[in-house]
Number of protein chains: 2
Amino acid sequence: MDTEHIQLAHGGGGQLTAELVEQVVLPIIGGQDARGLTDAATLKLGRGRLAFTTDSYVVQPLEFPGGDIGKLAVCGTINDLAVVGARPRALSLGMVLEEGLLIALLKRVLASIAQAARDAGVAVVTGDTKVVQRGGLEGMVLNTSGVGEVMAKARLGFDRVRTGDRILLSGPLGEHGMTIMSQRKGLSFTAELKSDCAAIHGLTMALVDCLGGAVRFMRDPTRGGLAATLVELSRGTGRDVEIEEAAIPVNRTARAAAEMLGLDLLTVANEGKLVAVVSAEAAGQAQTILAGHAIAAQAAVIGTMGRACGQGTPGLVEMVTRVGGRRVVQMPYGEELPRIC
Amino acid sequence: MDTEHIQLAHGGGGQLTAELVEQVVLPIIGGQDARGLTDAATLKLGRGRLAFTTDSYVVQPLEFPGGDIGKLAVCGTINDLAVVGARPRALSLGMVLEEGLLIALLKRVLASIAQAARDAGVAVVTGDTKVVQRGGLEGMVLNTSGVGEVMAKARLGFDRVRTGDRILLSGPLGEHGMTIMSQRKGLSFTAELKSDCAAIHGLTMALVDCLGGAVRFMRDPTRGGLAATLVELSRGTGRDVEIEEAAIPVNRTARAAAEMLGLDLLTVANEGKLVAVVSAEAAGQAQTILAGHAIAAQAAVIGTMGRACGQGTPGLVEMVTRVGGRRVVQMPYGEELPRIC
């Protein structure tokens with residue numbers, strides 16, 4: 001394997017991305033733990049805590065059923081703030097445009113950004129525009145960074161997870177990833193499939209506000225899908241994770257498309273879903289809270305946190321299949337799909 | 001002229017960039033004034049004010065005398081926070097890498113980022129990595145966003161500027177732009193020329209701390225150079241601006257290179273300079289404060305703010321030349337140089 005050059009798979013959100021971050025970026029940038037540099041950071045500011053996050057977006061095609069690169073950027077950055085228990089406050093917008101880009105297309109994307117920000121009640125307050133020569137950029141790359149205030153009631157972290165805590169998923173898997181792939185492959189039977197691209201801070205803020213410290217951990221399962229999120233959860237907590245296949249909400253079209261293309265929906269990207277770990281006692285209430293939101297109507301309890309594995313023993317993620325077997329869920333290696341977000 | 005497609009000049013920091021922002025971006029993103037979306041924004045957070053900014057970097061070549069894309073990104077974002085009177089607190093790092101990029105080069109850039117952040121006393125706290133196909137990106141594009149706390153003593157804004165206020169410049173013009181251009185053109189006599197790329201928050205914080213409200217306005221003259229900064233100052237305040245050519249600090253090599261290439265140093269990019277407007281009474285002290293810093297040893301008072309022009313009359317920027325003539329300084333139209341930062 002070529003270890004001297006960057007490969008597309010380094011951007012896939014799986015094992016290779018983790019290795020690039022852990023072996024190349026963090027040892028040099030230093031001072032931060034791996035989580036700190038891959039998600040929203042929080043820092044003390046005045047009497048409160050500020051959440052701060054960044055994401056670059058390189059999705060192709062730029063426009064797709066259910067959204068476009070602009071909506072994706074706004075929602076993705078809001079979601080990174082949301083899952084650390086923050087109330088999103090403001091976004092920045094950095095645009096790198098390719099020479100020759102149609103200004104009409106740029107206007108559509110900007111309108112989508114404005115709409116998504118308005119819908120979410122978050123302002124775009126600062127920006128920057130650069131232009132690069134015609135070439136491999138394919139239109140534009142966006143960066144949205146965001147700041148938010150961490151809710152006073154939020155008590156989140158791998159160290160807050162306890163044995164028996166329940167894992168909730170807010171809806172069916174893989175709608176974003178399968179939409180992008182269907183667009184590229186021209187799959188006609190997926191006409192009704194659209195990206196789940198949505199801001200989830202309504203979900204996270206409701207959970208934290210109602211359940212406080214009973215909410216232990218939250219994450220939006222984007223690149224690398226639910227599989228990557230659960231493996232990170234298992235590694236971070238040092239605990240086994242068990243999920244039930246039959247409990248996972250399903251979008252039949254996404255499932256059919258995945259089966260046809262030989263993909264595992266567990267590893268396909270989502271852009272408007274929430275994974276939350278809550279105490280066993282609060283799980284029912286959490287499901288009710290989530291299901292009250294249109295984007296989480298199919299929210300379900302899909303699994304349970306196991307005991308701590310003890311020092312040096314990595315946790316394992318296992319799925320009890322529909323037929324009662326057990327299957328180990330692994331971190332995807334490279335990418336199922338480049339430029340998914 | 002092609003008005004339907006993005007051109008390289010839209011990224012040059014001059015009149016075309018301003019038009020793109022004012023005519024395309026702001027009417028759609030809305031709610032913000034032009035300054036709000038082109039520089040650091042400030043927002044109330046708890047008892048203080050948060051400064052928040054973003055910048056994308058597309059410079060070619062990635063490494064140049066005096067710095068590289070990483071140092072440029074860290075310093076540029078710190079500087080945007082600095083000129084709104086903020087103490088920089090934390091940076092994000094969004095990397096879009098081109099497939100095939102040498103990991104050894106990535107490591108050098110990361111080391112440079114780490115060094116620049118350490119030198120400035122600011123932490124990189126959150127990040128994101130994407131990869132795009134081999135093509136027109138030429139290695140990498142970086143985005144750094146930053147947050148800082150606005151100093152309690154800061155009283156900055158176009159509306160704070162008064163007739164007779166003095167304009168200070170922290171050092172000679174065009175070292176960054178001429179270095180990049182010399183690298184591309186292979187000019188051998190510019191061997192000793194290097195980018196002025198530096199964090200200027202030491203300068204801005206000292207000014208605000210010592211002089212408080214006597215500091216009216218600050219800006220770092222990057223793309224579009226001193227000319228763009230002064231035209232913006234004139235437009236924003238509705239006042240004429242007069243500067244003296246003989247007072248502007250000079251780097252002889254940069255000047256020779258500019259003359260040879262037919263460029264006006266007033267329009268060439270800087271990456272470690274400060275333009276500050278201070279009260280006439282405080283101008284001497286401001287110069288002394290600046291000159292105490294190594295990066296501003298040649299700091300000089302270069303001009304004066306005129307009277308308000310009255311409603312609807314745009315201010316004019318004039319330069320008294322070395323031979324005693326007067327010349328109008330205009331906003332550069334497109335770019336002297338694409339991908340300068």
# chains A, B, ... in the order shown; residues from 1 in each chain; ligands from 1
>>> residues_around(residues="Val275 of chain B", least_positions_apart="4", cutoff="8 Å", atoms="only C-alpha atoms", output="PyMOL selection string")
chain B and resi 167-170+218-221
>>> write_last_selection(atoms="N, CA, C and O atoms", output="tab-separated table (two decimals), in the first residue's frame")
chain	number	residue	atom	x	y	z
B	167	ILE	N	-3.37	58.02	10.70
B	167	ILE	CA	-3.31	56.66	10.17
B	167	ILE	C	-1.89	56.14	10.32
B	167	ILE	O	-0.94	56.77	9.86
B	168	LEU	N	-1.75	54.99	11.00
B	168	LEU	CA	-0.44	54.39	11.17
B	168	LEU	C	-0.34	53.11	10.35
B	168	LEU	O	-1.32	52.38	10.20
B	169	LEU	N	0.88	52.84	9.86
B	169	LEU	CA	1.17	51.60	9.16
B	169	LEU	C	2.36	50.97	9.87
B	169	LEU	O	3.34	51.67	10.17
B	170	SER	N	2.29	49.66	10.13
B	170	SER	CA	3.30	49.05	11.00
B	170	SER	C	4.62	48.70	10.30
B	170	SER	O	5.59	48.36	10.97
B	218	MET	N	-8.87	49.36	13.13
B	218	MET	CA	-7.67	48.61	12.78
B	218	MET	C	-8.02	47.64	11.65
B	218	MET	O	-9.14	47.14	11.56
B	219	ARG	N	-7.04	47.37	10.82
B	219	ARG	CA	-7.25	46.42	9.72
B	219	ARG	C	-5.89	45.89	9.28
B	219	ARG	O	-4.90	46.64	9.33
B	220	ASP	N	-5.86	44.63	8.85
B	220	ASP	CA	-4.62	44.11	8.26
B	220	ASP	C	-4.77	44.15	6.74
B	220	ASP	O	-5.70	43.57	6.18
B	221	PRO	N	-3.88	44.86	6.06
B	221	PRO	CA	-4.04	45.07	4.61
B	221	PRO	C	-3.54	43.87	3.81
B	221	PRO	O	-2.42	43.87	3.34
>>> interface_residues(of="chain B", to="chain A", cutoff="7 Å", atoms="only C-alpha atoms", output="number ranges by chain")
B: 4-8, 10-11, 24-25, 28-29, 32, 36-41, 46-48, 53-56, 92, 94, 99-103, 107, 110-111, 114, 125-137, 143, 145, 339
>>> atom_distance(atom1="atom CA of Gly303 of chain A", atom2="atom CA of Val320 of chain A")
9.5 Å
>>> select_by_dssp(residues="segment 101-200 of chain A", states="strand (DSSP E or B)", output="NGL selection string")
:A and (102 or 123-132 or 140-150 or 166-169)
>>> write_last_selection(atoms="C-alpha atoms", output="PDB file, in the first residue's frame")
ATOM      1  CA  LEU A 102     -22.045  29.356 -12.882  1.00  0.00           C
ATOM      2  CA  ALA A 123     -27.045  33.410  11.724  1.00  0.00           C
ATOM      3  CA  VAL A 124     -24.219  33.324   9.193  1.00  0.00           C
ATOM      4  CA  VAL A 125     -22.086  36.137  10.598  1.00  0.00           C
ATOM      5  CA  THR A 126     -18.719  36.033   8.844  1.00  0.00           C
ATOM      6  CA  GLY A 127     -17.365  34.768   5.551  1.00  0.00           C
ATOM      7  CA  ASP A 128     -14.552  34.556   3.068  1.00  0.00           C
ATOM      8  CA  THR A 129     -14.355  33.865  -0.661  1.00  0.00           C
ATOM      9  CA  LYS A 130     -11.431  32.519  -2.665  1.00  0.00           C
ATOM     10  CA  VAL A 131     -11.241  31.420  -6.295  1.00  0.00           C
ATOM     11  CA  VAL A 132      -9.015  28.705  -7.772  1.00  0.00           C
ATOM     12  CA  MET A 140     -16.922  24.623  -5.050  1.00  0.00           C
ATOM     13  CA  VAL A 141     -15.732  23.577  -1.660  1.00  0.00           C
ATOM     14  CA  LEU A 142     -17.397  25.057   1.393  1.00  0.00           C
ATOM     15  CA  ASN A 143     -16.264  25.363   4.968  1.00  0.00           C
ATOM     16  CA  THR A 144     -18.683  26.154   7.738  1.00  0.00           C
ATOM     17  CA  SER A 145     -17.441  26.678  11.251  1.00  0.00           C
ATOM     18  CA  GLY A 146     -19.788  27.278  14.116  1.00  0.00           C
ATOM     19  CA  VAL A 147     -19.981  28.518  17.665  1.00  0.00           C
ATOM     20  CA  GLY A 148     -22.553  27.723  20.297  1.00  0.00           C
ATOM     21  CA  GLU A 149     -23.157  27.903  24.015  1.00  0.00           C
ATOM     22  CA  VAL A 150     -22.965  24.622  25.881  1.00  0.00           C
ATOM     23  CA  ARG A 166     -29.507   2.470  26.216  1.00  0.00           C
ATOM     24  CA  ILE A 167     -28.551   3.515  22.689  1.00  0.00           C
ATOM     25  CA  LEU A 168     -31.140   5.403  20.653  1.00  0.00           C
ATOM     26  CA  LEU A 169     -31.161   6.091  16.926  1.00  0.00           C
TER      27      LEU A 169
END
>>> residues_around(residues="Thr179 of chain B", least_positions_apart="2", cutoff="7 Å", atoms="only C-alpha atoms", output="PyMOL selection string")
chain B and resi 175-177+181-183+193-195
>>> atom_distance(atom1="atom CA of Glu271 of chain B", atom2="atom CA of Asn251 of chain B")
14.5 Å
>>> residues_around(residues="Met305 of chain B", least_positions_apart="5", cutoff="9 Å", atoms="only C-alpha atoms", output="ChimeraX atom specification")
/B:161-167,234,239-243,277
>>> closest_residue(among="B:Val268, B:Ala258, B:Ala152, B:Val317", to="Gly334 of chain B", atoms="only C-alpha atoms")
B:Val268
>>> residues_around(residues="Leu274 of chain B", least_positions_apart="6", cutoff="12 Å", atoms="only C-alpha atoms", output="PyMOL selection string")
chain B and resi 76+79-80+82-84+167-173+196-205+207+217-222+225-226+229-230+286-287+290-291+295-296+298-301
>>> closest_residue(among="A:Leu187, A:Ala283, A:Val328, A:Ile302", to="Ile248 of chain A", atoms="only C-alpha atoms")
A:Ile302
>>> atom_distance(atom1="atom CA of Val122 of chain B", atom2="atom CA of Lys44 of chain B")
21.3 Å
>>> closest_residue(among="A:Val323, A:Leu316, A:Gly272, A:Ala282", to="Glu232 of chain A", atoms="only C-alpha atoms")
A:Leu316
>>> closest_residue(among="B:Gly325, B:Gly312, B:Met178, B:Thr288", to="Leu266 of chain B", atoms="only C-alpha atoms")
B:Met178
